[in-house]
Structures are given as C-alpha cells and as structure tokens.
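For reference, final00.cif is printed below; it contains mmCIF, C-alpha atoms.
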```
data_protein
loop_
_atom_site.group_PDB
_atom_site.id
_atom_site.type_symbol
_atom_site.label_atom_id
_atom_site.label_comp_id
_atom_site.auth_asym_id
_atom_site.auth_seq_id
_atom_site.Cartn_x
_atom_site.Cartn_y
_atom_site.Cartn_z
ATOM 1 C CA MET A 211 -169.021 65.000 35.537
ATOM 2 C CA GLY A 212 -169.223 64.229 39.255
ATOM 3 C CA ARG A 213 -167.014 65.796 41.904
ATOM 4 C CA ARG A 214 -166.268 65.001 45.507
ATOM 5 C CA ASN A 215 -168.138 67.154 48.012
ATOM 6 C CA ILE A 216 -166.572 67.440 51.492
ATOM 7 C CA PRO A 217 -167.705 70.059 54.041
ATOM 8 C CA ASP A 218 -165.421 72.729 55.443
ATOM 9 C CA ARG A 219 -166.311 71.952 59.049
ATOM 10 C CA LEU A 220 -166.943 68.586 60.755
ATOM 11 C CA PRO A 221 -169.843 67.942 63.160
ATOM 12 C CA GLN A 222 -169.074 67.796 66.881
ATOM 13 C CA ASP A 223 -169.406 63.997 66.925
ATOM 14 C CA GLY A 224 -166.488 63.714 64.487
ATOM 15 C CA THR A 225 -168.523 62.258 61.620
ATOM 16 C CA SER A 226 -169.104 63.930 58.283
ATOM 17 C CA LYS A 227 -171.137 63.289 55.182
ATOM 18 C CA GLY A 228 -169.239 62.939 51.926
ATOM 19 C CA ASN A 229 -169.894 61.872 48.360
ATOM 20 C CA TYR A 230 -168.171 61.660 44.993
ATOM 21 C CA THR A 231 -171.193 62.285 42.787
ATOM 22 C CA SER A 232 -172.342 65.796 43.648
ATOM 23 C CA ILE A 233 -172.714 68.149 40.700
ATOM 24 C CA GLY A 234 -173.706 71.767 40.335
ATOM 25 C CA LEU A 235 -174.310 74.534 37.867
ATOM 26 C CA GLY A 236 -174.314 78.257 38.494
ATOM 27 C CA ASN A 237 -172.935 81.723 37.994
ATOM 28 C CA GLU A 238 -172.718 84.964 39.985
ATOM 29 C CA LYS A 239 -176.548 85.204 40.027
ATOM 30 C CA GLY A 240 -177.385 81.808 41.482
ATOM 31 C CA SER A 241 -176.729 78.085 41.436
ATOM 32 C CA ILE A 242 -178.329 74.647 41.578
ATOM 33 C CA SER A 243 -176.542 71.664 43.050
ATOM 34 C CA PHE A 244 -177.301 67.993 43.581
ATOM 35 C CA GLY A 245 -175.743 66.242 46.556
ATOM 36 C CA HIS A 246 -174.445 69.381 48.266
ATOM 37 C CA ILE A 247 -173.320 68.832 51.855
ATOM 38 C CA HIS A 248 -174.313 71.507 54.369
ATOM 39 C CA GLU A 249 -171.579 73.524 56.061
ATOM 40 C CA LYS A 250 -171.724 71.564 59.324
ATOM 41 C CA GLY A 251 -171.229 68.331 57.392
ATOM 42 C CA ASP A 252 -174.198 66.564 58.982
ATOM 43 C CA VAL A 253 -176.825 66.693 56.201
ATOM 44 C CA THR A 254 -176.799 66.119 52.439
ATOM 45 C CA SER A 255 -179.096 68.163 50.209
ATOM 46 C CA GLY A 256 -180.536 66.202 47.311
ATOM 47 C CA VAL A 257 -181.363 69.437 45.499
ATOM 48 C CA MET A 258 -180.333 72.953 46.534
ATOM 49 C CA LEU A 259 -181.148 76.268 44.877
ATOM 50 C CA ARG A 260 -179.122 79.262 46.053
ATOM 51 C CA THR A 261 -178.568 82.934 45.331
ATOM 52 C CA PRO A 262 -175.484 84.944 46.341
ATOM 53 C CA ASP A 263 -177.403 85.949 49.485
ATOM 54 C CA GLY A 264 -176.816 83.149 51.986
ATOM 55 C CA LYS A 265 -180.279 83.740 53.483
ATOM 56 C CA HIS A 266 -182.020 83.051 50.158
ATOM 57 C CA PHE A 267 -182.170 79.357 49.231
ATOM 58 C CA MET A 268 -184.234 76.182 48.870
ATOM 59 C CA SER A 269 -182.935 72.828 50.068
ATOM 60 C CA MET A 270 -184.427 69.320 49.817
ATOM 61 C CA ASP A 271 -182.417 67.308 52.341
ATOM 62 C CA ILE A 272 -182.063 63.530 52.069
ATOM 63 C CA ASP A 273 -180.175 62.296 55.142
ATOM 64 C CA GLY A 274 -178.934 63.132 58.623
ATOM 65 C CA GLN A 275 -181.050 64.888 61.225
ATOM 66 C CA ARG A 276 -183.097 66.626 58.496
ATOM 67 C CA LYS A 277 -183.839 63.628 56.281
ATOM 68 C CA GLY A 278 -186.918 64.385 54.182
ATOM 69 C CA TRP A 279 -186.933 68.096 55.088
ATOM 70 C CA THR A 280 -187.732 70.794 52.536
ATOM 71 C CA THR A 281 -186.553 74.252 53.555
ATOM 72 C CA LEU A 282 -187.405 77.544 51.820
ATOM 73 C CA ALA A 283 -185.757 80.691 53.136
ATOM 74 C CA GLY A 284 -185.664 84.257 51.886
ATOM 75 C CA PRO A 285 -184.773 87.688 53.269
ATOM 76 C CA GLY A 286 -187.799 89.322 51.590
ATOM 77 C CA ASN A 287 -191.454 88.567 50.912
ATOM 78 C CA PHE A 288 -192.742 85.045 50.273
ATOM 79 C CA THR A 289 -195.867 84.888 48.092
ATOM 80 C CA VAL A 290 -198.065 81.928 47.149
ATOM 81 C CA GLU A 291 -200.772 82.647 44.592
ATOM 82 C CA ALA A 292 -202.959 80.149 42.793
ATOM 83 C CA GLY A 293 -206.489 79.508 41.569
ATOM 84 C CA ASP A 294 -206.991 81.846 38.616
ATOM 85 C CA ASP A 295 -208.577 79.020 36.622
ATOM 86 C CA ASN A 296 -210.381 77.341 39.527
ATOM 87 C CA LYS A 297 -214.011 77.481 40.611
ATOM 88 C CA LYS A 298 -215.217 78.989 43.878
ATOM 89 C CA THR A 299 -215.939 75.523 45.289
ATOM 90 C CA ASP A 300 -212.443 74.123 44.569
ATOM 91 C CA CYS A 301 -209.875 73.533 47.295
ATOM 92 C CA THR A 302 -207.130 75.619 45.708
ATOM 93 C CA ILE A 303 -204.417 75.627 48.384
ATOM 94 C CA MET A 304 -204.025 72.845 50.938
ATOM 95 C CA VAL A 305 -201.510 72.438 53.754
ATOM 96 C CA ASN A 306 -201.754 68.935 55.223
ATOM 97 C CA SER A 307 -199.622 67.781 58.142
ATOM 98 C CA LYS A 308 -200.078 64.004 58.240
ATOM 99 C CA ASN A 309 -198.286 63.806 61.590
ATOM 100 C CA GLY A 310 -197.208 66.652 63.858
ATOM 101 C CA ASP A 311 -198.124 70.274 64.428
ATOM 102 C CA ILE A 312 -198.474 73.271 62.128
ATOM 103 C CA SER A 313 -197.048 76.540 63.449
ATOM 104 C CA ILE A 314 -197.743 79.941 61.869
ATOM 105 C CA ILE A 315 -195.687 82.590 63.653
ATOM 106 C CA ALA A 316 -195.331 86.321 63.039
ATOM 107 C CA ARG A 317 -192.445 87.303 65.316
ATOM 108 C CA ASP A 318 -192.960 91.031 64.819
ATOM 109 C CA GLY A 319 -196.245 91.475 62.967
ATOM 110 C CA ASN A 320 -199.893 90.467 62.711
ATOM 111 C CA ILE A 321 -201.612 87.311 61.491
ATOM 112 C CA ARG A 322 -204.759 87.866 59.433
ATOM 113 C CA LEU A 323 -207.329 85.338 58.248
ATOM 114 C CA GLU A 324 -209.839 86.650 55.716
ATOM 115 C CA GLY A 325 -212.475 84.842 53.662
ATOM 116 C CA ASN A 326 -216.185 84.447 52.946
ATOM 117 C CA ASN A 327 -216.331 82.131 55.953
ATOM 118 C CA ILE A 328 -213.765 81.004 58.507
ATOM 119 C CA GLU A 329 -214.199 77.624 60.175
ATOM 120 C CA LEU A 330 -212.244 76.319 63.156
ATOM 121 C CA VAL A 331 -212.674 72.605 63.848
ATOM 122 C CA ALA A 332 -210.905 70.669 66.608
ATOM 123 C CA ARG A 333 -211.364 66.897 66.565
ATOM 124 C CA GLY A 334 -210.884 64.609 69.529
ATOM 125 C CA GLU A 335 -212.399 63.276 72.717
ATOM 126 C CA GLY A 336 -211.516 62.823 76.355
ATOM 127 C CA GLY A 337 -210.302 66.350 77.078
ATOM 128 C CA SER A 338 -206.763 65.893 75.740
ATOM 129 C CA ALA A 339 -207.859 66.667 72.163
ATOM 130 C CA GLY A 340 -210.753 68.473 70.512
ATOM 131 C CA ASN A 341 -209.993 71.776 72.211
ATOM 132 C CA ILE A 342 -209.729 75.323 70.853
ATOM 133 C CA ILE A 343 -207.704 77.580 73.151
ATOM 134 C CA CYS A 344 -207.342 81.345 72.650
ATOM 135 C CA THR A 345 -204.902 83.365 74.739
ATOM 136 C CA ALA A 346 -204.473 87.133 74.504
ATOM 137 C CA THR A 347 -202.133 89.048 76.810
ATOM 138 C CA GLU A 348 -204.269 92.173 76.387
ATOM 139 C CA ASN A 349 -207.737 92.238 74.785
ATOM 140 C CA PHE A 350 -209.979 89.661 73.118
ATOM 141 C CA VAL A 351 -212.404 91.742 71.066
ATOM 142 C CA ILE A 352 -215.384 90.719 68.926
ATOM 143 C CA LYS A 353 -216.952 93.709 67.185
ATOM 144 C CA ASN A 354 -219.186 94.755 64.280
ATOM 145 C CA THR A 355 -221.036 91.428 64.544
ATOM 146 C CA LYS A 356 -224.806 91.096 64.153
ATOM 147 C CA LYS A 357 -225.148 87.989 66.311
ATOM 148 C CA ILE A 358 -222.982 86.050 68.728
ATOM 149 C CA LEU A 359 -224.335 82.561 69.334
ATOM 150 C CA MET A 360 -222.771 80.092 71.760
ATOM 151 C CA ASP A 361 -224.264 76.643 72.321
ATOM 152 C CA SER A 362 -222.792 74.369 74.983
ATOM 153 C CA SER A 363 -224.048 70.822 75.579
ATOM 154 C CA SER A 364 -222.933 70.493 79.203
ATOM 155 C CA PHE A 365 -221.362 73.560 80.847
ATOM 156 C CA PHE A 366 -220.302 77.171 80.284
ATOM 157 C CA ARG A 367 -218.601 79.700 82.534
ATOM 158 C CA LEU A 368 -217.749 83.401 82.230
ATOM 159 C CA SER A 369 -215.476 84.682 84.975
ATOM 160 C CA THR A 370 -213.195 87.596 85.769
ATOM 161 C CA THR A 371 -211.044 88.645 88.721
ATOM 162 C CA GLY A 372 -212.105 92.225 88.056
ATOM 163 C CA THR A 373 -215.370 93.881 87.079
ATOM 164 C CA GLY A 374 -218.041 92.159 84.991
ATOM 165 C CA GLU A 375 -220.842 93.815 83.070
ATOM 166 C CA VAL A 376 -223.871 92.496 81.163
ATOM 167 C CA VAL A 377 -225.557 95.191 79.073
ATOM 168 C CA ALA A 378 -228.580 95.046 76.752
ATOM 169 C CA ASN A 379 -229.871 98.417 75.612
ATOM 170 C CA THR A 380 -233.290 97.042 74.636
ATOM 171 C CA CYS A 381 -234.284 93.852 76.431
ATOM 172 C CA LEU A 382 -232.284 91.466 78.614
ATOM 173 C CA SER A 383 -233.783 88.016 79.098
ATOM 174 C CA ILE A 384 -232.379 85.550 81.619
ATOM 175 C CA TYR A 385 -233.787 82.078 82.079
ATOM 176 C CA GLY A 386 -232.835 79.159 84.274
ATOM 177 C CA SER A 387 -234.746 76.320 85.863
ATOM 178 C CA ILE A 388 -233.118 77.587 89.060
ATOM 179 C CA ILE A 389 -231.512 81.031 89.370
ATOM 180 C CA LYS A 390 -229.041 81.537 92.194
ATOM 181 C CA GLY A 391 -227.762 84.959 93.228
ATOM 182 C CA VAL A 392 -224.981 84.984 95.819
ATOM 183 C CA THR A 393 -222.954 87.821 97.353
ATOM 184 C CA ASP A 394 -219.956 87.818 99.692
ATOM 185 C CA ALA A 395 -222.312 88.320 102.624
ATOM 186 C CA VAL A 396 -222.550 84.529 102.973
ATOM 187 C CA ALA A 397 -218.795 84.412 103.733
ATOM 188 C CA VAL A 398 -219.565 85.694 107.239
ATOM 189 C CA LYS A 399 -222.850 83.884 107.809
ATOM 190 C CA ASN A 400 -223.973 81.033 105.613
ATOM 191 C CA SER A 401 -227.469 81.146 104.144
ATOM 192 C CA LYS A 402 -230.045 78.406 104.616
ATOM 193 C CA ASN A 403 -229.370 77.323 101.020
ATOM 194 C CA THR A 404 -225.670 76.724 101.824
ATOM 195 C CA ASN A 405 -224.578 79.292 99.270
ATOM 196 C CA GLN A 406 -221.309 79.748 101.173
ATOM 197 C CA LYS A 407 -219.888 76.717 99.339
ATOM 198 C CA PHE A 408 -220.691 78.316 95.972
ATOM 199 C CA GLN A 409 -219.188 81.635 97.101
ATOM 200 C CA ARG A 410 -215.919 79.935 98.085
ATOM 201 C CA LYS A 411 -215.795 78.092 94.785
ATOM 202 C CA CYS A 412 -216.108 81.340 92.835
ATOM 203 C CA THR A 413 -213.598 83.282 94.927
ATOM 204 C CA GLY A 414 -211.050 80.500 95.313
ATOM 205 C CA GLY A 415 -211.630 80.182 99.042
ATOM 206 C CA ASN A 416 -211.266 76.948 101.038
#
```

Rendering of file as structure tokens:
Amino acid sequence: MGRRNIPDRLPQDGTSKGNYTSIGLGNEKGSISFGHIHEKGDVTSGVMLRTPDGKHFMSMDIDGQRKGWTTLAGPGNFTVEAGDDNKKTDCTIMVNSKNGDISIIARDGNIRLEGNNIELVARGEGGSAGNIICTATENFVIKNTKKILMDSSSFFRLSTTGTGEVVANTCLSIYGSIIKGVTDAVAVKNSKNTNQKFQRKCTGGN
C-alpha cells in the first residue's frame, strides 16, 4: 500500500518534492524503498537500498538536480570482480562515459594499474584534444625497463631548470643533420651563427 513521502527539511528555494506512492520494506538490518525523497527534499530516489549506517547506501535518483544519477556509497571496501567464465580476449569490465569526464581519485592512497599490457590513447586534433599530460609534484620514474622508445613526428624537447645528464655506460650515439652546441658565452658576445637567439630562447631571456 502506498504512503505519502514528505522530507523533513525543505530546500532553500522553498520547493520540495513529494509523492503519495512511495513504498518501502526493511528491518533493523537494512531497507529498500521506492520513491524515497532525500533529506533536503530536492531529489526523489526511484530505488534506494540502505543499511543502518547512513554512509552505506545505493540510490537511483529520478528527478531534481541529480536526475538519472546512480550513487553507490560505503564506509568500507568496494570490490568489483568478474570474468571467471570469460576468455582472455573478452572485454570483461567496461566503463564508458558517453559524455563527460571520468575521474579516479585516491585522496589518501595510491592508484595502481596492472595488466599484461597497458595502453593509453588520447584522440583528437588541433591541440585542444588528443593530449596526454602527466604531472608529478616530486619524481617521475621509469625503471626496470628493457627499452624506452619515443617516436615524435614533428618535435620533441627535454628541458630542466636544474642539472641535466645523459648517460650511456656502453655506447652513446647522437645523430642530427645539423648539431648545434651553445653555451651562455654567446650572451655576452653573439657568435657568427647567431646562437644568441637560441640561448635566449632556452633561458627565457628577451
């Protein structure tokens, strides 16, 4: 039998969701409800699963500012496991954002990616898309790797405001159709090859 569901607290704009058909079933261990209105009164949950712990629930919202949202929350671990009966070539778990970003955040922990192969693909053209950007406030380390191969079609640059080192303990090969070596000496007196312009570019001078 249906029952009216009215929230305890109204939204700041003075409006509130309400319905006469919400139903629920539960006991001291947990509950399921259909048409539950969230505490603020601004969103209706089509289906909500809850435990006595207010931080442990699942809600499928159907209106308001979270229309179409599905929220899973828990105070402990969250585990997704699948694929026992699948083949190695199957796509067992897929997360597909048709529009918008995907954020994976560990507020106080590490993020690990592990697999036979890891592929990063960025699609797009024109500079505004198709970019992979890595930022580390301390170290960016690649280790225990047999080969590091980088292939650029137009330009590459390695720079540092501190000390730079290139080390090969067996053989170091450098090739260029033209090789230019410039020191800060050209800052005082320009060379005949006008290397002063290149020196200013690298040091941020005018």

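Atom pair atom CA of Asp263 of chain A / atom CA of Ile247 of chain A has a distance of 17.8 Å (rounded to one decimal).
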
Test item: the PyMOL selection byres ((chain A and resi 413) around 12) resolved as JSON, numbers by chain: {"A": [369, 370, 371, 372, 392, 393, 394, 397, 406, 407, 408, 409, 410, 411, 412, 414, 415, 416]}

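Closest approach to Leu235 of chain A among A:Ile352, A:Gly251, A:Leu323, A:Arg260 is made by A:Arg260 (distances from all atoms listed in the file).
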
Would you pick out the contacts of Gly234 of chain A at 7 Å or less, using only C-alpha atoms, so that residues sharing its chain but fewer than 6 positions from it are not included, and give the list as a PDB file with C-alpha atoms, in the frame of the given file?
```pdb
ATOM      1  CA  ILE A 242    -178.329  74.647  41.578  1.00  0.00           C
ATOM      2  CA  SER A 243    -176.542  71.664  43.050  1.00  0.00           C
ATOM      3  CA  PHE A 244    -177.301  67.993  43.581  1.00  0.00           C
TER       4      PHE A 244
END
```

Care to translate the PyMOL selection byres ((chain A and resi 227) around 6) into actual residues of this file, as a CSV table (one decimal) with C-alpha atoms, in the frame of the given file?
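Heads up, here's the output in out_14.csv:
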```csv
chain,number,residue,atom,x,y,z
A,226,SER,CA,-169.1,63.9,58.3
A,228,GLY,CA,-169.2,62.9,51.9
A,251,GLY,CA,-171.2,68.3,57.4
A,252,ASP,CA,-174.2,66.6,59.0
```

Resolved residues for the PyMOL selection byres ((chain A and resi 290) around 12) as a PyMOL selection string: chain A and resi 287-289+291-293+302-304

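Between atom CA of Gly284 of chain A and atom CA of Gly245 of chain A there is a distance of 21.2 Å.
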
Computed interatomic separation between atom CA of Ala378 of chain A and atom CA of Gly391 of chain A (Å): 19.3 Å

If the box runs along x, y and z of the file and leaves 3 Å on each side of segment 367-379 of chain A, what are its centre and edge lengths in Å, one decimal, as AutoDock Vina command-line options?
```
--center_x -220.5 --center_y 89.1 --center_z 82.2 --size_x 24.8 --size_y 24.7 --size_z 19.1
```

From A:Thr254, A:Cys301, A:Lys356, A:Asp294, residue lying nearest Trp279 of chain A [all atoms listed in the file]: A:Thr254

Return segment 243-255 of chain A, completed with N, CA and C atoms, as a PDB file, keeping the file's coordinate frame.
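The resulting file, rebuild_38.pdb, is reproduced below:
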```pdb
ATOM      1  N   SER A 243    -177.475  72.758  42.797  1.00  0.00           N
ATOM      2  CA  SER A 243    -176.542  71.664  43.050  1.00  0.00           C
ATOM      3  C   SER A 243    -177.297  70.438  43.513  1.00  0.00           C
ATOM      4  N   PHE A 244    -176.726  69.273  43.215  1.00  0.00           N
ATOM      5  CA  PHE A 244    -177.301  67.993  43.581  1.00  0.00           C
ATOM      6  C   PHE A 244    -176.276  67.236  44.427  1.00  0.00           C
ATOM      7  N   GLY A 245    -176.660  66.927  45.660  1.00  0.00           N
ATOM      8  CA  GLY A 245    -175.743  66.242  46.556  1.00  0.00           C
ATOM      9  C   GLY A 245    -174.863  67.166  47.366  1.00  0.00           C
ATOM     10  N   HIS A 246    -175.233  68.431  47.479  1.00  0.00           N
ATOM     11  CA  HIS A 246    -174.445  69.381  48.266  1.00  0.00           C
ATOM     12  C   HIS A 246    -174.513  69.007  49.742  1.00  0.00           C
ATOM     13  N   ILE A 247    -173.382  69.103  50.426  1.00  0.00           N
ATOM     14  CA  ILE A 247    -173.320  68.832  51.855  1.00  0.00           C
ATOM     15  C   ILE A 247    -173.327  70.165  52.601  1.00  0.00           C
ATOM     16  N   HIS A 248    -174.210  70.267  53.610  1.00  0.00           N
ATOM     17  CA  HIS A 248    -174.313  71.507  54.369  1.00  0.00           C
ATOM     18  C   HIS A 248    -173.009  71.800  55.121  1.00  0.00           C
ATOM     19  N   GLU A 249    -172.841  73.055  55.489  1.00  0.00           N
ATOM     20  CA  GLU A 249    -171.579  73.524  56.061  1.00  0.00           C
ATOM     21  C   GLU A 249    -171.135  72.712  57.271  1.00  0.00           C
ATOM     22  N   LYS A 250    -172.074  72.324  58.127  1.00  0.00           N
ATOM     23  CA  LYS A 250    -171.724  71.564  59.324  1.00  0.00           C
ATOM     24  C   LYS A 250    -171.345  70.122  59.009  1.00  0.00           C
ATOM     25  N   GLY A 251    -171.619  69.679  57.791  1.00  0.00           N
ATOM     26  CA  GLY A 251    -171.229  68.331  57.392  1.00  0.00           C
ATOM     27  C   GLY A 251    -172.145  67.231  57.876  1.00  0.00           C
ATOM     28  N   ASP A 252    -173.321  67.574  58.392  1.00  0.00           N
ATOM     29  CA  ASP A 252    -174.198  66.564  58.982  1.00  0.00           C
ATOM     30  C   ASP A 252    -175.372  66.174  58.101  1.00  0.00           C
ATOM     31  N   VAL A 253    -175.648  66.931  57.039  1.00  0.00           N
ATOM     32  CA  VAL A 253    -176.825  66.693  56.201  1.00  0.00           C
ATOM     33  C   VAL A 253    -176.448  66.883  54.734  1.00  0.00           C
ATOM     34  N   THR A 254    -176.983  66.001  53.883  1.00  0.00           N
ATOM     35  CA  THR A 254    -176.799  66.119  52.439  1.00  0.00           C
ATOM     36  C   THR A 254    -178.078  66.643  51.808  1.00  0.00           C
ATOM     37  N   SER A 255    -177.956  67.634  50.946  1.00  0.00           N
ATOM     38  CA  SER A 255    -179.096  68.163  50.209  1.00  0.00           C
ATOM     39  C   SER A 255    -179.194  67.447  48.867  1.00  0.00           C
TER      40      SER A 255
END
```
